[in-house]
file query_25.cif (mmCIF, C-alpha atoms)
data_run
loop_
_atom_site.label_atom_id
_atom_site.label_comp_id
_atom_site.auth_asym_id
_atom_site.auth_seq_id
_atom_site.Cartn_x
_atom_site.Cartn_y
_atom_site.Cartn_z
CA MET A 543 19.69 -33.08 45.04
CA LYS A 544 16.20 -31.69 45.40
CA LYS A 545 17.50 -28.28 44.42
CA GLY A 546 18.96 -29.76 41.23
CA ILE A 547 15.67 -31.47 40.41
CA ILE A 548 13.78 -28.22 40.97
CA THR A 549 16.24 -26.32 38.76
CA VAL A 550 15.96 -28.87 35.97
CA LEU A 551 12.17 -28.86 36.29
CA ALA A 552 12.05 -25.08 36.19
CA LEU A 553 14.32 -25.03 33.16
CA SER A 554 12.19 -27.66 31.47
CA LEU A 555 9.04 -25.64 32.10
CA LEU A 556 10.75 -22.49 30.78
CA VAL A 557 11.84 -24.26 27.60
CA THR A 558 8.33 -25.61 27.14
CA LEU A 559 6.87 -22.13 27.63
CA ILE A 560 9.31 -20.57 25.17
CA ALA A 561 8.55 -23.28 22.61
CA ALA A 562 4.84 -22.62 23.01
CA VAL A 563 5.35 -18.87 22.53
CA VAL A 564 7.54 -19.44 19.46
CA ALA A 565 5.01 -21.90 18.04
CA ALA A 566 2.23 -19.37 18.55
CA ALA A 567 4.22 -16.56 16.98
CA ALA A 568 5.52 -18.65 14.09
CA PRO A 569 2.35 -18.50 11.93
CA TYR A 570 2.40 -14.68 12.02
CA ASP A 571 6.12 -14.50 11.37
CA GLN A 572 5.91 -16.98 8.51
CA VAL A 573 3.16 -15.01 6.84
CA LEU A 574 4.96 -11.70 7.32
CA LEU A 575 8.18 -13.13 5.91
CA ARG A 576 6.39 -14.70 2.95
CA TRP A 577 5.42 -11.29 1.60
CA THR A 578 8.74 -9.58 2.38
CA LYS A 579 11.55 -10.04 -0.13
CA ASN A 580 15.13 -8.83 0.05
CA ARG A 581 18.29 -8.68 -2.02
CA LYS A 582 21.84 -7.94 -0.89
CA PHE A 583 24.71 -6.55 -2.94
CA GLN A 584 28.37 -6.18 -1.94
CA ASP A 585 31.55 -5.24 -3.77
CA SER A 586 35.11 -6.39 -3.17
CA ASP A 587 35.81 -3.41 -0.88
CA GLY A 588 32.95 -4.29 1.49
CA ALA A 589 30.50 -1.62 0.35
CA ASN A 590 27.03 -3.14 0.51
CA LEU A 591 23.37 -2.48 -0.17
CA GLU A 592 20.26 -4.31 0.99
CA VAL A 593 16.91 -3.75 -0.70
CA LYS A 594 13.69 -4.97 0.91
CA ALA A 595 10.18 -4.92 -0.52
CA THR A 596 6.92 -5.89 1.21
CA TYR A 597 3.75 -6.53 -0.76
CA TYR A 598 0.64 -5.71 1.27
CA ALA A 599 -1.43 -8.79 0.53
CA ALA A 600 -4.62 -9.42 2.50
CA GLU A 601 -2.92 -12.33 4.26
CA TYR A 602 -0.02 -10.11 5.30
CA ILE A 603 -2.30 -7.36 6.62
CA GLU A 604 -4.46 -9.82 8.58
CA ALA A 605 -1.38 -11.38 10.19
CA LEU A 606 0.02 -7.96 11.03
CA LEU A 607 -3.26 -6.83 12.59
CA GLN A 608 -3.57 -9.99 14.68
CA LYS A 609 0.02 -9.73 15.84
CA GLU A 610 -0.44 -6.07 16.84
CA ALA A 611 -3.71 -6.92 18.61
CA GLU A 612 -2.09 -9.67 20.66
CA ASP A 613 1.03 -7.66 21.44
CA ASN A 614 -1.03 -4.69 22.62
CA LEU A 615 -3.95 -6.62 24.16
CA TRP A 616 -6.43 -4.63 22.10
CA THR A 617 -10.19 -4.91 22.45
CA GLU A 618 -12.28 -5.81 19.42
CA GLN A 619 -13.20 -2.15 18.95
CA GLU A 620 -9.56 -1.07 19.13
CA VAL A 621 -8.72 -3.65 16.46
CA GLU A 622 -11.50 -2.32 14.22
CA ASN A 623 -10.32 1.27 14.68
CA TYR A 624 -6.72 0.36 13.89
CA LYS A 625 -7.79 -1.70 10.87
CA TYR A 626 -9.95 1.13 9.53
CA ASN A 627 -7.14 3.71 9.83
CA TYR A 628 -4.53 1.28 8.51
CA LEU A 629 -6.50 0.32 5.41
CA GLY A 630 -7.31 3.97 4.82
CA ALA A 631 -3.62 4.91 4.90
CA LEU A 632 -2.77 2.07 2.50
CA GLN A 633 -5.56 3.12 0.09
CA LEU A 634 -5.99 -0.60 -0.52
CA SER A 635 -9.36 -0.24 -2.24
CA GLU A 636 -7.76 1.79 -5.05
CA MET A 637 -4.02 1.13 -4.90
CA ILE A 638 -1.46 -1.67 -4.70
CA PRO A 639 0.84 -0.51 -1.87
CA ILE A 640 4.39 -1.82 -1.52
CA HIS A 641 6.75 -0.89 1.29
CA ILE A 642 10.36 -0.41 0.20
CA GLU A 643 13.44 -0.17 2.39
CA PHE A 644 17.04 0.54 1.45
CA ILE A 645 19.99 -0.08 3.79
CA ASN A 646 22.84 1.58 1.95
CA ASN A 647 26.37 1.12 3.25
CA GLY A 648 27.91 2.02 -0.06
CA PRO A 649 28.04 4.93 -2.51
CA THR A 650 25.51 7.72 -1.97
CA MET A 651 22.23 6.86 -3.67
CA TYR A 652 20.30 9.44 -5.66
CA LEU A 653 16.91 8.08 -6.70
CA GLY A 654 15.02 11.17 -7.83
CA PRO A 655 12.66 11.13 -9.58
CA PHE A 656 12.01 7.77 -7.95
CA ASP A 657 9.03 6.81 -10.12
CA ASN A 658 11.38 6.56 -13.12
CA LEU A 659 13.47 3.88 -11.43
CA LEU A 660 10.91 1.18 -10.71
CA ARG A 661 7.85 -0.44 -12.17
CA LEU A 662 5.39 -3.18 -11.32
CA ARG A 663 4.89 -5.88 -13.94
CA ILE A 664 1.53 -7.65 -13.98
CA GLY A 665 1.17 -10.13 -16.81
CA ASN A 666 2.90 -8.65 -19.84
CA THR A 667 2.39 -5.02 -18.85
CA SER A 668 4.53 -2.81 -16.63
CA TYR A 669 3.16 0.11 -14.61
CA LYS A 670 4.80 3.17 -13.10
CA PRO A 671 3.96 4.26 -9.55
CA ALA A 672 0.91 6.47 -9.14
CA ASP A 673 2.43 7.95 -5.98
CA TYR A 674 5.35 7.38 -3.63
CA ASP A 675 7.12 8.71 -0.56
CA LYS A 676 8.93 11.78 -1.90
CA ARG A 677 11.80 11.28 0.56
CA PHE A 678 13.11 8.71 -1.93
CA ASN A 679 14.01 11.60 -4.23
CA PHE A 680 16.79 12.87 -1.95
CA ARG A 681 20.39 11.66 -1.79
CA PHE A 682 21.13 9.32 1.09
CA GLN A 683 23.36 6.77 2.72
CA GLY A 684 22.24 4.49 5.52
CA GLN A 685 18.59 3.50 5.89
CA LYS A 686 15.55 4.92 4.08
CA ASP A 687 12.09 3.45 3.69
CA GLY A 688 8.61 4.41 2.54
CA LEU A 689 5.53 3.39 0.59
CA VAL A 690 5.05 3.22 -3.15
CA PHE A 691 1.54 3.04 -4.65
CA PHE A 692 0.54 1.48 -7.97
CA ARG A 693 -2.98 1.80 -9.36
CA ARG A 694 -5.16 -1.25 -8.78
CA TYR A 695 -7.48 -0.43 -11.70
CA ASP A 696 -6.83 0.53 -15.31
CA GLU A 697 -7.38 4.28 -15.67
CA LYS A 698 -9.21 3.93 -19.01
CA THR A 699 -11.22 0.73 -18.65
CA GLY A 700 -11.57 0.47 -14.87
CA LYS A 701 -10.46 -3.16 -15.04
CA ASP A 702 -8.91 -4.73 -11.93
CA LEU A 703 -5.28 -5.19 -12.98
CA LEU A 704 -4.79 -8.13 -10.62
CA LYS A 705 -7.91 -10.03 -11.66
CA GLY A 706 -6.73 -13.32 -13.13
CA ALA A 707 -3.08 -12.45 -12.53
CA LYS A 708 -0.87 -15.08 -10.91
CA GLN A 709 2.24 -13.01 -10.23
CA ALA A 710 3.33 -9.45 -9.68
CA THR A 711 6.97 -8.43 -10.12
CA LEU A 712 8.56 -5.28 -8.76
CA ILE A 713 11.52 -4.24 -10.92
CA PHE A 714 14.20 -1.69 -10.02
CA ASN A 715 16.33 -0.02 -12.67
CA PRO A 716 20.07 -0.87 -12.43
CA ALA A 717 20.71 2.86 -11.97
CA ILE A 718 19.60 2.73 -8.32
CA SER A 719 23.20 1.90 -7.34
CA PRO A 720 26.52 0.91 -8.93
CA LEU A 721 26.53 -2.05 -6.52
CA THR A 722 23.89 -3.78 -8.68
CA ASN A 723 26.54 -4.21 -11.41
CA GLY A 724 24.15 -3.06 -14.10
CA SER A 725 21.48 -5.65 -13.28
CA GLU A 726 17.80 -5.14 -12.53
CA THR A 727 16.66 -5.89 -9.01
CA ARG A 728 13.48 -7.98 -9.04
CA PHE A 729 11.00 -9.13 -6.42
CA LEU A 730 8.27 -11.56 -7.38
CA TRP A 731 5.09 -12.38 -5.45
CA ASP A 732 2.43 -15.00 -6.12
CA VAL A 733 -0.75 -12.94 -5.97
CA GLY A 734 -3.20 -15.37 -7.56
CA LYS A 735 -4.95 -16.17 -4.27
CA ASP A 736 -4.74 -12.70 -2.77
CA ASP A 737 -8.20 -11.32 -1.94
CA PRO A 738 -8.18 -7.78 -0.48
CA GLU A 739 -11.99 -7.76 -0.44
CA LYS A 740 -12.06 -10.06 2.58
CA LEU A 741 -10.51 -7.27 4.65
CA TYR A 742 -13.58 -5.10 4.05
CA ARG A 743 -16.13 -6.91 6.15
CA GLY A 744 -18.21 -6.21 9.23
CA GLN A 745 -17.84 -2.86 10.96
CA THR A 746 -14.84 -1.87 8.87
CA ALA A 747 -16.79 -2.42 5.66
CA ASN A 748 -19.68 -0.31 6.96
CA ARG A 749 -17.35 2.57 7.81
CA PHE A 750 -15.70 2.53 4.39
CA GLU A 751 -19.10 2.28 2.72
CA THR A 752 -20.25 5.29 4.74
CA ASP A 753 -17.16 7.24 3.68
CA ARG A 754 -17.74 6.32 0.04
CA LEU A 755 -21.40 7.35 0.14
CA ILE A 756 -20.59 10.66 1.84
CA LYS A 757 -18.02 11.45 -0.87
CA ARG A 758 -20.49 10.45 -3.57
CA LEU A 759 -23.22 12.57 -2.01
CA GLN A 760 -20.91 15.59 -1.85
CA LYS A 761 -19.92 15.12 -5.50
CA LEU A 762 -23.57 14.96 -6.54
CA ARG A 763 -24.30 18.14 -4.59
CA ASP A 764 -21.34 19.86 -6.24
CA ASP A 765 -22.52 18.65 -9.66
CA ARG A 766 -26.04 19.92 -8.94
CA ALA A 767 -24.71 23.33 -7.88
CA GLU A 768 -22.69 23.55 -11.10
CA ILE A 769 -25.69 22.54 -13.21
CA GLU A 770 -27.92 25.06 -11.40
CA LYS A 771 -25.32 27.73 -12.11
CA GLN A 772 -25.37 26.84 -15.80
CA ILE A 773 -29.19 26.86 -15.82
CA ASN A 774 -29.23 30.30 -14.17
CA GLY A 775 -26.85 31.54 -16.83
CA ILE A 776 -29.08 30.16 -19.58
CA ASP A 777 -32.18 31.73 -17.97
CA GLU A 778 -30.43 35.10 -17.86
CA GLU A 779 -29.48 34.80 -21.52
CA ILE A 780 -33.07 33.82 -22.41
CA ASP A 781 -34.38 36.89 -20.56
CA THR A 782 -31.88 39.12 -22.36
CA ILE A 783 -32.84 37.76 -25.78
CA GLN A 784 -36.55 37.98 -25.01
CA SER A 785 -36.15 41.61 -23.88
CA ARG A 786 -34.38 42.46 -27.12
CA LEU A 787 -37.07 40.70 -29.14
CA ASP A 788 -39.74 42.68 -27.32
CA GLU A 789 -37.90 45.93 -28.09
CA LEU A 790 -37.59 45.02 -31.78
CA SER A 791 -41.29 44.12 -32.05
CA LYS A 792 -42.26 47.61 -30.86
CA GLN A 793 -40.19 49.43 -33.45
#
call {"tool": "encode", "arguments": {"input": "query_25.cif", "output": "structure tokens"}}
result
Amino acid sequence: MKKGIITVLALSLLVTLIAAVVAAAAPYDQVLLRWTKNRKFQDSDGANLEVKATYYAAEYIEALLQKEAEDNLWTEQEVENYKYNYLGALQLSEMIPIHIEFINNGPTMYLGPFDNLLRLRIGNTSYKPADYDKRFNFRFQGQKDGLVFFRRYDEKTGKDLLKGAKQATLIFNPAISPLTNGSETRFLWDVGKDDPEKLYRGQTANRFETDRLIKRLQKLRDDRAEIEKQINGIDEEIDTIQSRLDELSKQ
């Protein structure tokens, strides 16, 4: 009897512990899932395709960083180092990165050139990728994933494309696969409250500011060297002209 009570008690404690772990993990998982969208297609013969897209919102990145930190028992410095490298790889200060994954159990997919097959709609304007994982250009079956980057700022005006925007929609051309039955594949995210700037604070912000200033300083030095080269060329031409004038005045 006592053994049964102990077993039940142990089981009860285990269930309580598992519930606590799940409850603790749930906020991260909910956030991660909120920014990951997926669509599935299947024909009558069983061929199928799943398309997933993850928008790297500030909330998503923060949740991912916290989850990684807890899973790996990182120190504060290790978290900062990981965050710095992660944000650098995402180019978040200049780009809108989206992770795309295909799980293709159907006809071979040929997506090259990939930037012609998708666009990001913000407001009433659609934008092509500025860069993307070139592995998407090759034929494949099975799984393939990678990052796609859209510019965060208008190339002509410098305006933040997401400022004032409520939604961003990723749109795939029907030509990605015959399994889409000629329909566009769309993923929509509510981006109105997304604030990437909050990721650039504290030590991480200082490191990125240092990087930016170093690049700016190098550009100014290069500009100065180019200007000095032009000035030297002008001085040489002035000397040549003056020498000729001197020769003419003596004739």
call {"tool": "closest_residue", "arguments": {"input": "query_25.cif", "among": "A:Arg728, A:Lys625, A:Lys705, A:Arg693", "to": "Arg581 (chain A)", "atoms": "all atoms listed in the file"}}
result
A:Arg728
call {"tool": "residues_around", "arguments": {"input": "query_25.cif", "residues": "Asn723 (chain A)", "least_positions_apart": "2", "cutoff": "12 Å", "atoms": "all atoms listed in the file", "output": "PyMOL selection string"}}
result
chain A and resi 583-585+590-591+715-721+725-727
call {"tool": "closest_residue", "arguments": {"input": "query_25.cif", "among": "A:Tyr652, A:Tyr742, A:Trp616, A:Trp731", "to": "Asn580 (chain A)", "atoms": "only C-alpha atoms"}}
result
A:Trp731
call {"tool": "resolve_selection", "arguments": {"input": "query_25.cif", "expression": "the PyMOL selection byres ((chain A and resi 606) around 12)", "output": "MDAnalysis selection string"}}
result
chainID A and resid 567 569:575 577 598:605 607:613 621 624:625 628:629
call {"tool": "closest_residue", "arguments": {"input": "query_25.cif", "among": "A:Leu615, A:Val690, A:Ile642, A:Val733", "to": "Thr596 (chain A)", "atoms": "only C-alpha atoms"}}
result
A:Ile642
call {"tool": "resolve_selection", "arguments": {"input": "query_25.cif", "expression": "the PyMOL selection byres ((chain A and resi 656) around 9)", "output": "ChimeraX atom specification"}}
result
/A:652-655,657-660,671,674-676,678-679
call {"tool": "atom_distance", "arguments": {"input": "query_25.cif", "atom1": "CA of Arg743 (chain A)", "atom2": "CA of Phe691 (chain A)"}}
result
23.0 Å
call {"tool": "atom_distance", "arguments": {"input": "query_25.cif", "atom1": "CA of Ile780 (chain A)", "atom2": "CA of Leu762 (chain A)"}}
result
26.4 Å
call {"tool": "atom_distance", "arguments": {"input": "query_25.cif", "atom1": "CA of Lys708 (chain A)", "atom2": "CA of Asp732 (chain A)"}}
result
5.8 Å
call {"tool": "residues_around", "arguments": {"input": "query_25.cif", "residues": "Gly684 (chain A)", "least_positions_apart": "3", "cutoff": "10 Å", "atoms": "only C-alpha atoms", "output": "ChimeraX atom specification"}}
result
/A:591,644-651
call {"tool": "closest_residue", "arguments": {"input": "query_25.cif", "among": "A:Phe750, A:Gln709, A:Gly665, A:Ile638", "to": "Tyr695 (chain A)", "atoms": "all atoms listed in the file"}}
result
A:Ile638
call {"tool": "residues_near_point", "arguments": {"input": "query_25.cif", "point": "(-7.8, -1.5, -8.2)", "cutoff": "12 Å", "atoms": "all atoms listed in the file", "output": "number ranges by chain"}}
result
A: 633-639, 672, 691-697, 699-705, 737-739
call {"tool": "decode", "arguments": {"input": "query_25.cif", "residues": "region 622-667 of chain A", "atoms": "N, CA and C atoms", "output": "mmCIF file, in the first residue's frame"}}
result
data_model
loop_
_atom_site.group_PDB
_atom_site.id
_atom_site.type_symbol
_atom_site.label_atom_id
_atom_site.label_comp_id
_atom_site.auth_asym_id
_atom_site.auth_seq_id
_atom_site.Cartn_x
_atom_site.Cartn_y
_atom_site.Cartn_z
ATOM 1 N N GLU A 622 25.283 38.031 -25.197
ATOM 2 C CA GLU A 622 25.606 39.231 -25.968
ATOM 3 C C GLU A 622 26.401 38.886 -27.222
ATOM 4 N N ASN A 623 27.360 37.971 -27.086
ATOM 5 C CA ASN A 623 28.174 37.574 -28.238
ATOM 6 C C ASN A 623 27.315 36.894 -29.305
ATOM 7 N N TYR A 624 26.435 36.006 -28.860
ATOM 8 C CA TYR A 624 25.558 35.293 -29.789
ATOM 9 C C TYR A 624 24.613 36.279 -30.478
ATOM 10 N N LYS A 625 24.062 37.204 -29.699
ATOM 11 C CA LYS A 625 23.135 38.198 -30.230
ATOM 12 C C LYS A 625 23.823 39.070 -31.270
ATOM 13 N N TYR A 626 25.032 39.502 -30.971
ATOM 14 C CA TYR A 626 25.797 40.353 -31.883
ATOM 15 C C TYR A 626 26.039 39.628 -33.213
ATOM 16 N N ASN A 627 26.501 38.396 -33.155
ATOM 17 C CA ASN A 627 26.778 37.619 -34.372
ATOM 18 C C ASN A 627 25.493 37.291 -35.131
ATOM 19 N N TYR A 628 24.429 37.000 -34.386
ATOM 20 C CA TYR A 628 23.156 36.627 -34.994
ATOM 21 C C TYR A 628 22.543 37.806 -35.750
ATOM 22 N N LEU A 629 22.519 38.967 -35.094
ATOM 23 C CA LEU A 629 21.968 40.156 -35.739
ATOM 24 C C LEU A 629 22.815 40.566 -36.938
ATOM 25 N N GLY A 630 24.130 40.374 -36.814
ATOM 26 C CA GLY A 630 25.008 40.692 -37.930
ATOM 27 C C GLY A 630 24.721 39.813 -39.137
ATOM 28 N N ALA A 631 24.496 38.526 -38.897
ATOM 29 C CA ALA A 631 24.199 37.591 -39.990
ATOM 30 C C ALA A 631 22.857 37.910 -40.636
ATOM 31 N N LEU A 632 21.895 38.368 -39.837
ATOM 32 C CA LEU A 632 20.574 38.696 -40.366
ATOM 33 C C LEU A 632 20.547 40.047 -41.079
ATOM 34 N N GLN A 633 21.577 40.865 -40.858
ATOM 35 C CA GLN A 633 21.640 42.207 -41.456
ATOM 36 C C GLN A 633 20.373 43.005 -41.143
ATOM 37 N N LEU A 634 19.897 42.842 -39.907
ATOM 38 C CA LEU A 634 18.590 43.387 -39.533
ATOM 39 C C LEU A 634 18.521 44.909 -39.607
ATOM 40 N N SER A 635 19.647 45.586 -39.463
ATOM 41 C CA SER A 635 19.630 47.045 -39.505
ATOM 42 C C SER A 635 19.380 47.577 -40.909
ATOM 43 N N GLU A 636 19.582 46.732 -41.928
ATOM 44 C CA GLU A 636 19.423 47.175 -43.312
ATOM 45 C C GLU A 636 18.410 46.345 -44.099
ATOM 46 N N MET A 637 18.165 45.121 -43.646
ATOM 47 C CA MET A 637 17.333 44.202 -44.416
ATOM 48 C C MET A 637 16.140 43.676 -43.604
ATOM 49 N N ILE A 638 15.176 43.135 -44.334
ATOM 50 C CA ILE A 638 14.063 42.395 -43.742
ATOM 51 C C ILE A 638 14.326 40.931 -44.081
ATOM 52 N N PRO A 639 14.839 40.145 -43.125
ATOM 53 C CA PRO A 639 15.160 38.745 -43.428
ATOM 54 C C PRO A 639 13.952 37.827 -43.183
ATOM 55 N N ILE A 640 13.774 36.888 -44.082
ATOM 56 C CA ILE A 640 12.712 35.884 -43.941
ATOM 57 C C ILE A 640 13.322 34.516 -44.235
ATOM 58 N N HIS A 641 13.093 33.579 -43.331
ATOM 59 C CA HIS A 641 13.586 32.214 -43.535
ATOM 60 C C HIS A 641 12.507 31.408 -44.252
ATOM 61 N N ILE A 642 12.909 30.719 -45.306
ATOM 62 C CA ILE A 642 11.970 29.935 -46.107
ATOM 63 C C ILE A 642 12.412 28.477 -46.127
ATOM 64 N N GLU A 643 11.441 27.595 -45.988
ATOM 65 C CA GLU A 643 11.728 26.161 -46.040
ATOM 66 C C GLU A 643 10.703 25.458 -46.925
ATOM 67 N N PHE A 644 11.205 24.602 -47.807
ATOM 68 C CA PHE A 644 10.353 23.759 -48.638
ATOM 69 C C PHE A 644 10.559 22.299 -48.233
ATOM 70 N N ILE A 645 9.480 21.561 -48.095
ATOM 71 C CA ILE A 645 9.544 20.108 -47.910
ATOM 72 C C ILE A 645 8.761 19.518 -49.078
ATOM 73 N N ASN A 646 9.490 19.112 -50.096
ATOM 74 C CA ASN A 646 8.889 18.727 -51.363
ATOM 75 C C ASN A 646 8.884 17.212 -51.555
ATOM 76 N N ASN A 647 7.713 16.632 -51.420
ATOM 77 C CA ASN A 647 7.528 15.206 -51.696
ATOM 78 C C ASN A 647 6.657 15.040 -52.934
ATOM 79 N N GLY A 648 6.979 15.856 -53.925
ATOM 80 C CA GLY A 648 6.229 15.832 -55.171
ATOM 81 C C GLY A 648 7.162 16.008 -56.346
ATOM 82 N N PRO A 649 6.676 16.602 -57.435
ATOM 83 C CA PRO A 649 7.520 16.815 -58.619
ATOM 84 C C PRO A 649 8.753 17.655 -58.282
ATOM 85 N N THR A 650 9.842 17.386 -59.005
ATOM 86 C CA THR A 650 11.070 18.153 -58.788
ATOM 87 C C THR A 650 10.797 19.638 -58.952
ATOM 88 N N MET A 651 11.292 20.442 -58.018
ATOM 89 C CA MET A 651 11.102 21.887 -58.070
ATOM 90 C C MET A 651 12.342 22.544 -58.661
ATOM 91 N N TYR A 652 12.109 23.494 -59.559
ATOM 92 C CA TYR A 652 13.201 24.275 -60.130
ATOM 93 C C TYR A 652 12.847 25.740 -59.937
ATOM 94 N N LEU A 653 13.538 26.417 -59.030
ATOM 95 C CA LEU A 653 13.148 27.760 -58.616
ATOM 96 C C LEU A 653 14.087 28.866 -59.092
ATOM 97 N N GLY A 654 15.043 28.520 -59.956
ATOM 98 C CA GLY A 654 15.985 29.547 -60.397
ATOM 99 C C GLY A 654 15.492 30.316 -61.607
ATOM 100 N N PRO A 655 15.737 31.638 -61.676
ATOM 101 C CA PRO A 655 16.251 32.467 -60.577
ATOM 102 C C PRO A 655 15.159 32.719 -59.530
ATOM 103 N N PHE A 656 15.483 32.434 -58.297
ATOM 104 C CA PHE A 656 14.500 32.434 -57.222
ATOM 105 C C PHE A 656 13.883 33.811 -56.977
ATOM 106 N N ASP A 657 14.655 34.871 -57.188
ATOM 107 C CA ASP A 657 14.129 36.211 -56.895
ATOM 108 C C ASP A 657 13.013 36.637 -57.846
ATOM 109 N N ASN A 658 12.803 35.867 -58.923
ATOM 110 C CA ASN A 658 11.691 36.159 -59.830
ATOM 111 C C ASN A 658 10.395 35.481 -59.399
ATOM 112 N N LEU A 659 10.474 34.626 -58.380
ATOM 113 C CA LEU A 659 9.320 33.828 -57.996
ATOM 114 C C LEU A 659 8.676 34.256 -56.682
ATOM 115 N N LEU A 660 9.179 35.310 -56.068
ATOM 116 C CA LEU A 660 8.552 35.776 -54.832
ATOM 117 C C LEU A 660 8.751 37.270 -54.677
ATOM 118 N N ARG A 661 7.894 37.854 -53.870
ATOM 119 C CA ARG A 661 7.974 39.277 -53.591
ATOM 120 C C ARG A 661 7.367 39.541 -52.214
ATOM 121 N N LEU A 662 7.721 40.671 -51.667
ATOM 122 C CA LEU A 662 7.178 41.077 -50.369
ATOM 123 C C LEU A 662 6.323 42.314 -50.594
ATOM 124 N N ARG A 663 5.053 42.222 -50.225
ATOM 125 C CA ARG A 663 4.155 43.363 -50.396
ATOM 126 C C ARG A 663 4.028 44.108 -49.074
ATOM 127 N N ILE A 664 4.330 45.397 -49.119
ATOM 128 C CA ILE A 664 4.173 46.280 -47.968
ATOM 129 C C ILE A 664 3.307 47.436 -48.432
ATOM 130 N N GLY A 665 2.121 47.570 -47.844
ATOM 131 C CA GLY A 665 1.171 48.558 -48.337
ATOM 132 C C GLY A 665 0.700 48.163 -49.721
ATOM 133 N N ASN A 666 0.808 49.070 -50.665
ATOM 134 C CA ASN A 666 0.377 48.791 -52.037
ATOM 135 C C ASN A 666 1.539 48.501 -52.980
ATOM 136 N N THR A 667 2.724 48.356 -52.410
ATOM 137 C CA THR A 667 3.920 48.158 -53.241
ATOM 138 C C THR A 667 4.558 46.802 -52.968
#
